[in-house]
file final-v2.tsv (TSV, C-alpha atoms (C1' of nucleotides))
chain	number	residue	atom	x	y	z
A	1	MET	CA	-12.09	16.72	96.72
A	2	LYS	CA	-12.52	17.89	100.27
A	3	GLN	CA	-10.18	20.70	99.46
A	4	GLY	CA	-12.87	21.92	97.09
A	5	VAL	CA	-15.31	22.08	99.98
A	6	ASP	CA	-12.77	23.94	102.11
A	7	LEU	CA	-12.26	26.47	99.36
A	8	LEU	CA	-15.95	26.89	98.79
A	9	PHE	CA	-16.43	27.60	102.47
A	10	PHE	CA	-13.60	30.11	102.69
A	11	ALA	CA	-14.39	31.85	99.43
A	12	ALA	CA	-18.07	32.26	100.19
A	13	ARG	CA	-17.31	33.57	103.64
A	14	ASP	CA	-14.54	35.89	102.61
A	15	VAL	CA	-16.41	37.35	99.66
A	16	ALA	CA	-19.44	37.98	101.84
A	17	SER	CA	-17.32	39.58	104.53
A	18	GLU	CA	-16.35	42.52	102.29
A	19	GLY	CA	-18.42	45.58	102.91
A	20	ALA	CA	-19.52	44.51	106.36
A	21	GLY	CA	-18.55	47.96	107.59
A	22	LYS	CA	-20.88	49.86	105.30
A	23	LEU	CA	-23.65	47.50	106.26
A	24	ALA	CA	-23.15	48.13	109.95
A	25	GLU	CA	-23.18	51.89	109.31
A	26	ALA	CA	-26.63	51.51	107.81
A	27	GLY	CA	-27.73	49.46	110.80
A	28	LEU	CA	-28.38	46.41	108.71
A	29	GLY	CA	-27.22	42.80	108.83
A	30	ARG	CA	-26.30	40.02	106.48
A	31	ALA	CA	-29.89	39.00	105.92
A	32	HIS	CA	-30.71	42.52	104.76
A	33	ARG	CA	-27.79	42.41	102.42
A	34	ARG	CA	-28.89	39.22	100.76
A	35	ALA	CA	-32.38	40.60	100.22
A	36	LEU	CA	-30.97	43.84	98.88
A	37	TYR	CA	-28.66	41.97	96.58
A	38	PHE	CA	-31.30	39.73	95.05
A	39	ILE	CA	-33.81	42.54	94.68
A	40	ALA	CA	-31.14	44.41	92.78
A	41	ARG	CA	-30.52	41.32	90.67
A	42	HIS	CA	-34.22	40.84	89.94
A	43	PRO	CA	-36.03	44.17	89.84
A	44	ALA	CA	-39.79	43.93	90.41
A	45	ILE	CA	-39.38	40.48	91.94
A	46	SER	CA	-42.36	39.21	93.92
A	47	VAL	CA	-42.15	38.28	97.57
A	48	ALA	CA	-42.84	34.64	96.76
A	49	ASP	CA	-40.03	34.51	94.21
A	50	LEU	CA	-37.61	36.13	96.59
A	51	LEU	CA	-38.58	33.57	99.21
A	52	ALA	CA	-37.84	30.81	96.74
A	53	ILE	CA	-34.41	32.21	96.01
A	54	LEU	CA	-33.40	32.80	99.59
A	55	LYS	CA	-35.08	29.67	100.92
A	56	VAL	CA	-36.14	31.24	104.18
A	57	THR	CA	-39.58	31.50	105.70
A	58	LYS	CA	-42.08	34.22	105.00
A	59	GLN	CA	-41.70	35.48	108.55
A	60	SER	CA	-37.94	35.75	108.39
A	61	LEU	CA	-38.05	37.60	105.12
A	62	GLY	CA	-40.92	39.74	106.39
A	63	ARG	CA	-38.88	41.24	109.15
A	64	VAL	CA	-35.95	41.96	106.91
A	65	LEU	CA	-38.20	43.47	104.28
A	66	ASN	CA	-39.91	45.70	106.83
A	67	ASP	CA	-36.55	47.01	107.95
A	68	LEU	CA	-35.59	47.76	104.38
A	69	LEU	CA	-38.92	49.45	103.70
A	70	ALA	CA	-38.69	51.48	106.89
A	71	GLY	CA	-35.16	52.52	106.01
A	72	GLY	CA	-36.29	53.60	102.58
A	73	TYR	CA	-34.04	51.16	100.75
A	74	VAL	CA	-36.81	49.22	99.05
A	75	GLU	CA	-40.22	50.07	97.66
A	76	ARG	CA	-43.15	47.71	97.42
A	77	LYS	CA	-45.91	48.20	94.88
A	78	PRO	CA	-48.81	46.01	93.76
A	79	ALA	CA	-48.26	44.44	90.37
A	80	LEU	CA	-50.50	45.73	87.61
A	81	ARG	CA	-51.50	42.34	86.30
A	82	ASP	CA	-52.22	40.74	89.68
A	83	ARG	CA	-52.65	43.18	92.48
A	84	ARG	CA	-52.10	40.55	95.14
A	85	MET	CA	-48.46	40.46	94.16
A	86	ARG	CA	-46.11	43.09	95.51
A	87	GLN	CA	-43.24	43.99	93.31
A	88	LEU	CA	-40.04	44.82	95.13
A	89	ARG	CA	-37.59	47.37	93.84
A	90	LEU	CA	-34.66	49.26	95.24
A	91	THR	CA	-35.17	52.95	95.82
A	92	GLU	CA	-32.47	55.41	94.89
A	93	LYS	CA	-31.13	55.10	98.42
A	94	GLY	CA	-31.23	51.31	98.19
A	95	THR	CA	-29.44	51.36	94.86
A	96	ALA	CA	-26.77	53.58	96.32
A	97	LEU	CA	-26.20	51.24	99.23
A	98	GLU	CA	-26.15	48.19	97.03
A	99	SER	CA	-23.64	49.85	94.73
A	100	ALA	CA	-21.43	50.74	97.65
A	101	LEU	CA	-21.53	47.17	98.89
A	102	TRP	CA	-20.80	45.81	95.47
A	103	ALA	CA	-17.94	48.24	95.06
A	104	ALA	CA	-16.46	46.83	98.26
A	105	GLN	CA	-16.40	43.26	97.05
A	106	ARG	CA	-15.87	43.81	93.37
A	107	PRO	CA	-12.09	44.33	93.49
A	108	LYS	CA	-11.61	40.94	95.08
A	109	LEU	CA	-13.63	39.36	92.31
A	110	VAL	CA	-11.86	41.29	89.60
A	111	ARG	CA	-8.44	40.36	90.88
A	112	ALA	CA	-9.28	36.71	91.36
A	113	PHE	CA	-10.84	36.42	87.92
A	114	ARG	CA	-8.00	38.24	86.25
A	115	GLU	CA	-5.30	36.25	88.00
A	116	ALA	CA	-6.99	32.95	87.27
A	117	GLY	CA	-7.66	33.69	83.62
A	118	PRO	CA	-10.76	33.28	81.46
A	119	GLU	CA	-10.60	29.51	81.08
A	120	ALA	CA	-10.40	29.10	84.83
A	121	VAL	CA	-13.40	31.35	85.26
A	122	MET	CA	-15.32	29.19	82.79
A	123	GLY	CA	-14.46	26.13	84.80
A	124	PHE	CA	-15.37	27.89	88.02
A	125	ARG	CA	-18.81	28.58	86.59
A	126	ARG	CA	-19.29	25.08	85.23
A	127	VAL	CA	-18.48	23.43	88.54
A	128	LEU	CA	-20.57	25.80	90.62
A	129	MET	CA	-23.57	25.29	88.35
A	130	GLY	CA	-23.22	21.60	88.93
A	131	LEU	CA	-23.06	22.10	92.67
A	132	ALA	CA	-26.12	24.32	92.89
A	133	ASP	CA	-29.33	22.43	93.34
A	134	GLU	CA	-31.23	20.59	90.62
A	135	ALA	CA	-33.71	23.39	90.23
A	136	ARG	CA	-30.96	25.73	89.10
A	137	ARG	CA	-28.78	23.28	87.25
A	138	ALA	CA	-30.49	23.79	83.93
A	139	GLY	CA	-30.79	27.52	84.38
A	140	ASP	CA	-28.40	30.40	84.28
A	141	GLY	CA	-27.58	30.59	87.93
A	142	THR	CA	-29.88	33.52	88.49
A	143	PRO	CA	-33.36	32.05	88.87
B	1	MET	CA	-19.49	38.81	87.29
B	2	LYS	CA	-22.36	39.08	89.70
B	3	GLN	CA	-23.50	35.75	88.40
B	4	GLY	CA	-20.36	34.33	89.93
B	5	VAL	CA	-21.42	35.66	93.31
B	6	ASP	CA	-24.90	34.20	92.87
B	7	LEU	CA	-23.41	30.83	92.06
B	8	LEU	CA	-21.03	30.97	94.97
B	9	PHE	CA	-23.93	31.70	97.30
B	10	PHE	CA	-26.13	28.93	95.93
B	11	ALA	CA	-23.37	26.35	95.70
B	12	ALA	CA	-22.09	26.94	99.21
B	13	ARG	CA	-25.59	26.79	100.60
B	14	ASP	CA	-26.70	23.77	98.65
B	15	VAL	CA	-23.57	21.77	99.33
B	16	ALA	CA	-23.85	22.52	103.04
B	17	SER	CA	-27.52	21.57	103.06
B	18	GLU	CA	-26.78	17.94	102.23
B	19	GLY	CA	-26.82	15.74	105.28
B	20	ALA	CA	-28.83	18.19	107.35
B	21	GLY	CA	-31.05	15.28	108.32
B	22	LYS	CA	-28.29	13.21	109.88
B	23	LEU	CA	-27.13	16.24	111.73
B	24	ALA	CA	-30.56	16.90	113.20
B	25	GLU	CA	-30.78	13.24	114.27
B	26	ALA	CA	-27.63	13.75	116.29
B	27	GLY	CA	-29.09	16.92	117.79
B	28	LEU	CA	-26.39	19.09	116.32
B	29	GLY	CA	-26.37	22.18	114.14
B	30	ARG	CA	-24.34	23.70	111.36
B	31	ALA	CA	-21.77	25.14	113.70
B	32	HIS	CA	-21.11	21.68	115.10
B	33	ARG	CA	-20.73	20.36	111.62
B	34	ARG	CA	-18.14	22.91	110.67
B	35	ALA	CA	-16.12	22.15	113.78
B	36	LEU	CA	-16.43	18.42	113.16
B	37	TYR	CA	-15.39	18.89	109.57
B	38	PHE	CA	-12.28	20.90	110.29
B	39	ILE	CA	-11.20	18.71	113.16
B	40	ALA	CA	-11.44	15.80	110.76
B	41	ARG	CA	-9.41	17.76	108.23
B	42	HIS	CA	-6.74	18.64	110.77
B	43	PRO	CA	-6.36	15.93	113.39
B	44	ALA	CA	-4.79	17.09	116.65
B	45	ILE	CA	-5.55	20.69	115.80
B	46	SER	CA	-5.32	23.13	118.69
B	47	VAL	CA	-8.23	25.24	119.84
B	48	ALA	CA	-6.48	28.42	118.74
B	49	ASP	CA	-5.86	27.09	115.26
B	50	LEU	CA	-9.44	25.98	114.92
B	51	LEU	CA	-10.54	29.43	116.01
B	52	ALA	CA	-8.36	30.94	113.32
B	53	ILE	CA	-9.88	28.75	110.66
B	54	LEU	CA	-13.48	29.26	111.65
B	55	LYS	CA	-13.03	32.92	112.53
B	56	VAL	CA	-15.43	32.84	115.43
B	57	THR	CA	-14.89	33.82	119.05
B	58	LYS	CA	-13.56	31.55	121.71
B	59	GLN	CA	-16.92	31.60	123.45
B	60	SER	CA	-18.87	30.59	120.37
B	61	LEU	CA	-16.52	27.75	119.64
B	62	GLY	CA	-16.49	26.80	123.30
B	63	ARG	CA	-20.17	26.06	123.35
B	64	VAL	CA	-19.99	23.99	120.19
B	65	LEU	CA	-16.96	22.11	121.41
B	66	ASN	CA	-18.57	21.33	124.74
B	67	ASP	CA	-21.57	19.87	122.92
B	68	LEU	CA	-19.29	17.72	120.80
B	69	LEU	CA	-17.29	16.60	123.84
B	70	ALA	CA	-20.46	15.81	125.79
B	71	GLY	CA	-21.83	13.86	122.84
B	72	GLY	CA	-18.63	11.87	122.60
B	73	TYR	CA	-17.81	13.01	119.08
B	74	VAL	CA	-14.55	14.73	119.93
B	75	GLU	CA	-11.77	14.13	122.40
B	76	ARG	CA	-9.54	16.78	123.88
B	77	LYS	CA	-6.07	15.97	125.19
B	78	PRO	CA	-3.16	18.12	126.31
B	79	ALA	CA	-0.35	18.27	123.80
B	80	LEU	CA	2.86	16.55	124.85
B	81	ARG	CA	5.13	19.40	123.93
B	82	ASP	CA	3.10	22.18	125.52
B	83	ARG	CA	0.55	20.98	127.99
B	84	ARG	CA	-1.44	24.19	127.82
B	85	MET	CA	-2.54	23.29	124.35
B	86	ARG	CA	-5.43	20.90	123.89
B	87	GLN	CA	-5.36	18.73	120.82
B	88	LEU	CA	-8.72	18.00	119.30
B	89	ARG	CA	-9.47	14.72	117.59
B	90	LEU	CA	-12.59	12.90	116.46
B	91	THR	CA	-13.54	9.85	118.44
B	92	GLU	CA	-14.73	6.74	116.67
B	93	LYS	CA	-18.26	8.03	117.02
B	94	GLY	CA	-17.24	11.40	115.67
B	95	THR	CA	-15.48	9.84	112.75
B	96	ALA	CA	-18.55	7.78	111.97
B	97	LEU	CA	-20.76	10.84	111.97
B	98	GLU	CA	-18.37	12.84	109.89
B	99	SER	CA	-18.15	10.03	107.38
B	100	ALA	CA	-21.90	9.80	107.17
B	101	LEU	CA	-22.15	13.53	106.57
B	102	TRP	CA	-19.46	13.42	103.96
B	103	ALA	CA	-21.13	10.49	102.26
B	104	ALA	CA	-24.26	12.59	102.00
B	105	GLN	CA	-22.59	15.44	100.18
B	106	ARG	CA	-19.98	13.53	98.26
B	107	PRO	CA	-22.22	12.38	95.38
B	108	LYS	CA	-23.11	15.95	94.55
B	109	LEU	CA	-19.43	16.84	94.41
B	110	VAL	CA	-18.55	13.77	92.38
B	111	ARG	CA	-21.24	14.41	89.84
B	112	ALA	CA	-20.47	18.11	89.49
B	113	PHE	CA	-16.74	17.46	89.09
B	114	ARG	CA	-17.28	14.66	86.61
B	115	GLU	CA	-19.78	16.59	84.52
B	116	ALA	CA	-17.62	19.69	84.45
B	117	GLY	CA	-14.41	17.87	83.58
B	118	PRO	CA	-10.91	18.10	85.01
B	119	GLU	CA	-9.94	21.38	83.38
B	120	ALA	CA	-13.04	23.03	84.79
B	121	VAL	CA	-12.20	21.69	88.24
B	122	MET	CA	-8.73	23.18	87.91
B	123	GLY	CA	-10.26	26.53	87.07
B	124	PHE	CA	-12.73	26.20	89.93
B	125	ARG	CA	-9.82	25.76	92.32
B	126	ARG	CA	-7.79	28.58	90.87
B	127	VAL	CA	-10.61	31.07	91.16
B	128	LEU	CA	-11.64	30.03	94.63
B	129	MET	CA	-8.08	30.32	95.87
B	130	GLY	CA	-8.04	33.83	94.57
B	131	LEU	CA	-11.28	34.63	96.33
B	132	ALA	CA	-10.27	33.27	99.69
B	133	ASP	CA	-8.54	35.81	101.88
B	134	GLU	CA	-4.95	36.91	101.57
B	135	ALA	CA	-3.82	34.69	104.39
B	136	ARG	CA	-4.83	31.62	102.45
B	137	ARG	CA	-4.03	32.81	98.95
B	138	ALA	CA	-0.52	31.49	98.91
B	139	GLY	CA	-1.41	28.27	100.69
B	140	ASP	CA	-3.15	25.10	99.72
B	141	GLY	CA	-6.66	26.02	100.79
B	142	THR	CA	-6.35	24.03	104.00
B	143	PRO	CA	-4.56	26.30	106.44
C	1	DT	C1'	-72.47	34.66	92.36
C	2	DA	C1'	-70.45	31.85	96.02
C	3	DT	C1'	-66.55	29.37	97.23
C	4	DT	C1'	-61.91	28.31	97.20
C	5	DT	C1'	-57.23	29.37	96.37
C	6	DT	C1'	-53.38	32.44	96.16
C	7	DA	C1'	-50.15	36.05	97.75
C	8	DC	C1'	-49.10	38.49	101.31
C	9	DG	C1'	-48.70	40.37	106.17
C	10	DT	C1'	-48.40	39.69	111.11
C	11	DC	C1'	-48.59	38.20	116.15
C	12	DA	C1'	-46.36	35.07	119.45
C	13	DG	C1'	-42.83	32.39	120.93
C	14	DG	C1'	-38.57	29.60	120.54
C	15	DC	C1'	-33.84	27.87	119.20
C	16	DA	C1'	-29.11	28.35	117.30
C	17	DT	C1'	-25.33	31.07	116.51
C	18	DG	C1'	-22.70	34.74	116.97
C	19	DC	C1'	-20.74	38.78	119.78
C	20	DT	C1'	-18.39	41.71	123.84
C	21	DG	C1'	-16.50	42.00	128.30
C	22	DA	C1'	-14.53	40.13	132.28
C	23	DC	C1'	-12.29	36.83	134.92
C	24	DA	C1'	-9.58	32.55	136.30
C	25	DC	C1'	-6.06	29.08	135.99
C	26	DA	C1'	-2.28	26.33	134.53
C	27	DA	C1'	1.86	26.15	131.91
C	28	DC	C1'	5.46	28.09	129.51
C	29	DT	C1'	9.10	31.93	128.96
C	30	DA	C1'	12.23	35.64	129.98
D	1	DT	C1'	9.80	35.69	139.99
D	2	DA	C1'	7.09	38.20	136.70
D	3	DG	C1'	4.91	38.23	132.54
D	4	DT	C1'	2.79	35.94	128.57
D	5	DT	C1'	0.12	32.41	126.40
D	6	DG	C1'	-3.55	28.87	125.71
D	7	DT	C1'	-7.58	27.64	127.38
D	8	DG	C1'	-12.16	27.57	129.79
D	9	DT	C1'	-16.09	29.95	131.73
D	10	DC	C1'	-19.83	33.26	133.44
D	11	DA	C1'	-23.16	36.81	132.13
D	12	DG	C1'	-25.64	39.25	128.91
D	13	DC	C1'	-27.07	40.67	124.31
D	14	DA	C1'	-28.17	40.78	118.99
D	15	DT	C1'	-29.20	38.45	114.88
D	16	DG	C1'	-31.31	35.28	112.09
D	17	DC	C1'	-33.86	31.58	111.44
D	18	DC	C1'	-37.79	28.53	112.68
D	19	DT	C1'	-42.96	26.70	113.53
D	20	DG	C1'	-47.74	27.68	114.22
D	21	DA	C1'	-51.77	30.32	113.81
D	22	DC	C1'	-54.57	33.84	111.98
D	23	DG	C1'	-56.25	37.63	108.90
D	24	DT	C1'	-57.05	40.16	104.44
D	25	DA	C1'	-57.39	41.25	99.71
D	26	DA	C1'	-57.58	39.70	95.16
D	27	DA	C1'	-57.92	36.24	91.77
D	28	DA	C1'	-59.62	31.85	90.01
D	29	DT	C1'	-63.11	28.61	89.67
D	30	DA	C1'	-67.33	25.95	90.38
call {"tool": "encode", "arguments": {"input": "final-v2.tsv", "output": "structure tokens"}}
result
Amino acid sequence: MKQGVDLLFFAARDVASEGAGKLAEAGLGRAHRRALYFIARHPAISVADLLAILKVTKQSLGRVLNDLLAGGYVERKPALRDRRMRQLRLTEKGTALESALWAAQRPKLVRAFREAGPEAVMGFRRVLMGLADEARRAGDGTP
Amino acid sequence: MKQGVDLLFFAARDVASEGAGKLAEAGLGRAHRRALYFIARHPAISVADLLAILKVTKQSLGRVLNDLLAGGYVERKPALRDRRMRQLRLTEKGTALESALWAAQRPKLVRAFREAGPEAVMGFRRVLMGLADEARRAGDGTP
DNA sequence: TATTTTACGTCAGGCATGCTGACACAACTA
DNA sequence: TAGTTGTGTCAGCATGCCTGACGTAAAATA
């Protein structure tokens, strides 16, 4: 049982560690990467929704977002329906960076999934869904 | 595929978040918890080995370890065979804290494992082993 | 229309965690 | 004896996260 926790720790860390080089080149950190990643996953996401996903404070996200905006990785536009909301999207430059980062960690995923086999991957998903918090348990893992 | 990364992120974060209260009571942080956890997992572990597991610098670990020693959670004794090496062990107090922390996160694990079923748990393990770095891939997940 | 609420941005300051570099010492090894 | 290894420590710096307080624009509501 504890072995599962060990593995979760190592896997999360080691997967996240891929692509650290490219990130440093761009002068960004892990926090920027997470924001970049989830904006890519949820185009036009609002700031409030991104906050809910990342579970950090407005101020923490604010700084990261400003860096990404200044670097031209992300664009921020008022939503049509409610102009208080700012929709976040990756720019072309942001998309390129995100793709490069994903390309760095993808092989590890591909290999692990292939070696483990499809049934194992199903189980992997089932267990992780159970471990993620209540709010996400009923969902698809990508709130 | 990316969903797997999402889940890994959420699961690792949400599992680690359990017991944050008890930790704060003791005036400790996440870094202390990780050290506590791996010392519990590997009694009499040397400083160098703990460094290798956590992949942090000697200085970072040093601070954490000093806090734990000062708080009476961990004891440090020279190894018999090689007296340069310091063996780290939890004290009674440390064991109590670690148990309390584990008790806080255990139910989430139990429920997730039970709901997913044994085959899923097998798959979960297989995939995570593949995701953890080379050095651990051949091992048992607890280097 | 006037008021309140919502969504967002920002200033100020603080703590925890990580890093590099440099140095010191005791104990083991060749 | 000379070198290597395991450990501890000082000094300084970057990142990432936090709380609290305040301001603004737009929407919702009384």
call {"tool": "interface_residues", "arguments": {"input": "final-v2.tsv", "of": "chain C", "to": "chain A", "cutoff": "9 Å", "atoms": "all atoms listed in the file", "output": "ChimeraX atom specification"}}
result
/C:6-10
call {"tool": "closest_residue", "arguments": {"input": "final-v2.tsv", "among": "A:Leu97, A:Met1, A:Leu28, A:Leu61", "to": "Phe113 in chain B", "atoms": "all atoms listed in the file"}}
result
A:Met1
call {"tool": "calpha_fit_and_write", "arguments": {"input": "final-v2.tsv", "fixed": "chain B", "moving": "chain A", "output": "mmCIF file with C-alpha atoms, keeping the file's coordinate frame"}}
result
data_model
loop_
_atom_site.group_PDB
_atom_site.id
_atom_site.type_symbol
_atom_site.label_atom_id
_atom_site.label_comp_id
_atom_site.auth_asym_id
_atom_site.auth_seq_id
_atom_site.Cartn_x
_atom_site.Cartn_y
_atom_site.Cartn_z
ATOM 1 C CA MET A 1 -19.378 38.832 87.255
ATOM 2 C CA LYS A 2 -22.293 39.088 89.619
ATOM 3 C CA GLN A 3 -23.443 35.773 88.309
ATOM 4 C CA GLY A 4 -20.301 34.351 89.873
ATOM 5 C CA VAL A 5 -21.397 35.693 93.238
ATOM 6 C CA ASP A 6 -24.876 34.239 92.761
ATOM 7 C CA LEU A 7 -23.398 30.859 91.981
ATOM 8 C CA LEU A 8 -21.037 30.995 94.901
ATOM 9 C CA PHE A 9 -23.941 31.728 97.204
ATOM 10 C CA PHE A 10 -26.138 28.953 95.853
ATOM 11 C CA ALA A 11 -23.387 26.371 95.634
ATOM 12 C CA ALA A 12 -22.121 26.981 99.144
ATOM 13 C CA ARG A 13 -25.620 26.841 100.534
ATOM 14 C CA ASP A 14 -26.722 23.814 98.600
ATOM 15 C CA VAL A 15 -23.591 21.809 99.312
ATOM 16 C CA ALA A 16 -23.882 22.587 103.005
ATOM 17 C CA SER A 17 -27.544 21.650 103.036
ATOM 18 C CA GLU A 18 -26.812 17.982 102.250
ATOM 19 C CA GLY A 19 -26.822 15.801 105.296
ATOM 20 C CA ALA A 20 -28.850 18.205 107.385
ATOM 21 C CA GLY A 21 -31.067 15.286 108.345
ATOM 22 C CA LYS A 22 -28.319 13.199 109.886
ATOM 23 C CA LEU A 23 -27.152 16.238 111.773
ATOM 24 C CA ALA A 24 -30.574 16.856 113.249
ATOM 25 C CA GLU A 25 -30.782 13.194 114.293
ATOM 26 C CA ALA A 26 -27.628 13.690 116.317
ATOM 27 C CA GLY A 27 -29.083 16.831 117.858
ATOM 28 C CA LEU A 28 -26.411 19.019 116.386
ATOM 29 C CA GLY A 29 -26.411 22.142 114.231
ATOM 30 C CA ARG A 30 -24.421 23.685 111.446
ATOM 31 C CA ALA A 31 -21.835 25.125 113.787
ATOM 32 C CA HIS A 32 -21.146 21.654 115.162
ATOM 33 C CA ARG A 33 -20.768 20.365 111.668
ATOM 34 C CA ARG A 34 -18.181 22.920 110.712
ATOM 35 C CA ALA A 35 -16.143 22.149 113.815
ATOM 36 C CA LEU A 36 -16.446 18.436 113.179
ATOM 37 C CA TYR A 37 -15.423 18.892 109.592
ATOM 38 C CA PHE A 38 -12.306 20.924 110.290
ATOM 39 C CA ILE A 39 -11.219 18.711 113.162
ATOM 40 C CA ALA A 40 -11.463 15.810 110.761
ATOM 41 C CA ARG A 41 -9.448 17.781 108.224
ATOM 42 C CA HIS A 42 -6.771 18.688 110.766
ATOM 43 C CA PRO A 43 -6.383 15.956 113.367
ATOM 44 C CA ALA A 44 -4.789 17.111 116.630
ATOM 45 C CA ILE A 45 -5.576 20.727 115.783
ATOM 46 C CA SER A 46 -5.351 23.166 118.684
ATOM 47 C CA VAL A 47 -8.272 25.256 119.836
ATOM 48 C CA ALA A 48 -6.512 28.441 118.770
ATOM 49 C CA ASP A 49 -5.899 27.117 115.265
ATOM 50 C CA LEU A 50 -9.472 25.994 114.916
ATOM 51 C CA LEU A 51 -10.591 29.447 116.005
ATOM 52 C CA ALA A 52 -8.410 30.965 113.321
ATOM 53 C CA ILE A 53 -9.928 28.756 110.661
ATOM 54 C CA LEU A 54 -13.524 29.273 111.654
ATOM 55 C CA LYS A 55 -13.091 32.934 112.545
ATOM 56 C CA VAL A 56 -15.511 32.845 115.435
ATOM 57 C CA THR A 57 -14.967 33.812 119.038
ATOM 58 C CA LYS A 58 -13.596 31.564 121.722
ATOM 59 C CA GLN A 59 -16.964 31.579 123.452
ATOM 60 C CA SER A 60 -18.901 30.541 120.385
ATOM 61 C CA LEU A 61 -16.528 27.722 119.642
ATOM 62 C CA GLY A 62 -16.459 26.767 123.318
ATOM 63 C CA ARG A 63 -20.116 25.962 123.411
ATOM 64 C CA VAL A 64 -19.991 23.945 120.243
ATOM 65 C CA LEU A 65 -16.929 22.080 121.429
ATOM 66 C CA ASN A 66 -18.550 21.265 124.761
ATOM 67 C CA ASP A 67 -21.531 19.800 122.963
ATOM 68 C CA LEU A 68 -19.265 17.675 120.823
ATOM 69 C CA LEU A 69 -17.261 16.540 123.839
ATOM 70 C CA ALA A 70 -20.406 15.753 125.798
ATOM 71 C CA GLY A 71 -21.783 13.802 122.863
ATOM 72 C CA GLY A 72 -18.578 11.832 122.617
ATOM 73 C CA TYR A 73 -17.795 12.986 119.093
ATOM 74 C CA VAL A 74 -14.530 14.709 119.926
ATOM 75 C CA GLU A 75 -11.732 14.110 122.395
ATOM 76 C CA ARG A 76 -9.495 16.760 123.872
ATOM 77 C CA LYS A 77 -6.030 15.961 125.162
ATOM 78 C CA PRO A 78 -3.120 18.142 126.276
ATOM 79 C CA ALA A 79 -0.320 18.285 123.747
ATOM 80 C CA LEU A 80 2.887 16.574 124.789
ATOM 81 C CA ARG A 81 5.174 19.416 123.839
ATOM 82 C CA ASP A 82 3.105 22.206 125.400
ATOM 83 C CA ARG A 83 0.551 21.036 127.868
ATOM 84 C CA ARG A 84 -1.401 24.270 127.702
ATOM 85 C CA MET A 85 -2.529 23.297 124.238
ATOM 86 C CA ARG A 86 -5.420 20.902 123.833
ATOM 87 C CA GLN A 87 -5.332 18.746 120.795
ATOM 88 C CA LEU A 88 -8.705 17.998 119.277
ATOM 89 C CA ARG A 89 -9.468 14.731 117.569
ATOM 90 C CA LEU A 90 -12.563 12.918 116.452
ATOM 91 C CA THR A 91 -13.502 9.840 118.417
ATOM 92 C CA GLU A 92 -14.676 6.733 116.636
ATOM 93 C CA LYS A 93 -18.229 7.992 117.021
ATOM 94 C CA GLY A 94 -17.230 11.403 115.681
ATOM 95 C CA THR A 95 -15.467 9.841 112.723
ATOM 96 C CA ALA A 96 -18.538 7.797 111.962
ATOM 97 C CA LEU A 97 -20.764 10.848 111.994
ATOM 98 C CA GLU A 98 -18.377 12.861 109.898
ATOM 99 C CA SER A 99 -18.166 10.045 107.375
ATOM 100 C CA ALA A 100 -21.923 9.820 107.188
ATOM 101 C CA LEU A 101 -22.175 13.544 106.588
ATOM 102 C CA TRP A 102 -19.489 13.449 103.970
ATOM 103 C CA ALA A 103 -21.169 10.521 102.281
ATOM 104 C CA ALA A 104 -24.306 12.644 102.020
ATOM 105 C CA GLN A 105 -22.634 15.479 100.182
ATOM 106 C CA ARG A 106 -20.008 13.582 98.275
ATOM 107 C CA PRO A 107 -22.235 12.409 95.405
ATOM 108 C CA LYS A 108 -23.120 15.978 94.549
ATOM 109 C CA LEU A 109 -19.450 16.849 94.408
ATOM 110 C CA VAL A 110 -18.560 13.786 92.401
ATOM 111 C CA ARG A 111 -21.257 14.418 89.846
ATOM 112 C CA ALA A 112 -20.473 18.094 89.483
ATOM 113 C CA PHE A 113 -16.757 17.459 89.109
ATOM 114 C CA ARG A 114 -17.271 14.652 86.655
ATOM 115 C CA GLU A 115 -19.756 16.560 84.535
ATOM 116 C CA ALA A 116 -17.593 19.658 84.445
ATOM 117 C CA GLY A 117 -14.387 17.832 83.605
ATOM 118 C CA PRO A 118 -10.873 18.057 85.033
ATOM 119 C CA GLU A 119 -9.894 21.346 83.418
ATOM 120 C CA ALA A 120 -12.997 22.996 84.805
ATOM 121 C CA VAL A 121 -12.191 21.672 88.246
ATOM 122 C CA MET A 122 -8.705 23.161 87.956
ATOM 123 C CA GLY A 123 -10.205 26.500 87.092
ATOM 124 C CA PHE A 124 -12.710 26.193 89.907
ATOM 125 C CA ARG A 125 -9.832 25.733 92.327
ATOM 126 C CA ARG A 126 -7.761 28.556 90.889
ATOM 127 C CA VAL A 127 -10.581 31.069 91.145
ATOM 128 C CA LEU A 128 -11.641 30.035 94.626
ATOM 129 C CA MET A 129 -8.070 30.293 95.887
ATOM 130 C CA GLY A 130 -7.997 33.808 94.578
ATOM 131 C CA LEU A 131 -11.251 34.629 96.310
ATOM 132 C CA ALA A 132 -10.235 33.271 99.695
ATOM 133 C CA ASP A 133 -8.508 35.787 101.878
ATOM 134 C CA GLU A 134 -4.891 36.891 101.570
ATOM 135 C CA ALA A 135 -3.801 34.674 104.405
ATOM 136 C CA ARG A 136 -4.814 31.597 102.450
ATOM 137 C CA ARG A 137 -3.975 32.767 98.971
ATOM 138 C CA ALA A 138 -0.437 31.471 99.053
ATOM 139 C CA GLY A 139 -1.389 28.271 100.801
ATOM 140 C CA ASP A 140 -3.162 25.131 99.795
ATOM 141 C CA GLY A 141 -6.634 26.075 100.836
ATOM 142 C CA THR A 142 -6.446 24.037 103.998
ATOM 143 C CA PRO A 143 -4.600 26.197 106.517
#
call {"tool": "closest_atom_pairs", "arguments": {"input": "final-v2.tsv", "of": "chain A", "to": "chain B", "cutoff": "6 Å", "atoms": "only C-alpha atoms", "output": "CSV"}}
result
residue,atom,partner,partner_atom,distance
A:Leu7,CA,B:Gly141,CA,5.8
A:Phe10,CA,B:Ala132,CA,5.5
A:Ala11,CA,B:Ala132,CA,4.4
A:Asp14,CA,B:Ala132,CA,5.8
A:Ala112,CA,B:Gly130,CA,4.5
A:Ala116,CA,B:Val127,CA,5.6
A:Ala120,CA,B:Gly123,CA,3.4
A:Gly123,CA,B:Ala120,CA,3.4
A:Phe124,CA,B:Phe124,CA,3.7
A:Arg126,CA,B:Ala116,CA,5.7
A:Val127,CA,B:Ala116,CA,5.6
A:Leu128,CA,B:Ala11,CA,5.8
A:Gly130,CA,B:Ala112,CA,4.5
A:Leu131,CA,B:Ala11,CA,5.2
A:Ala132,CA,B:Ala11,CA,4.4
A:Gly141,CA,B:Leu7,CA,5.9
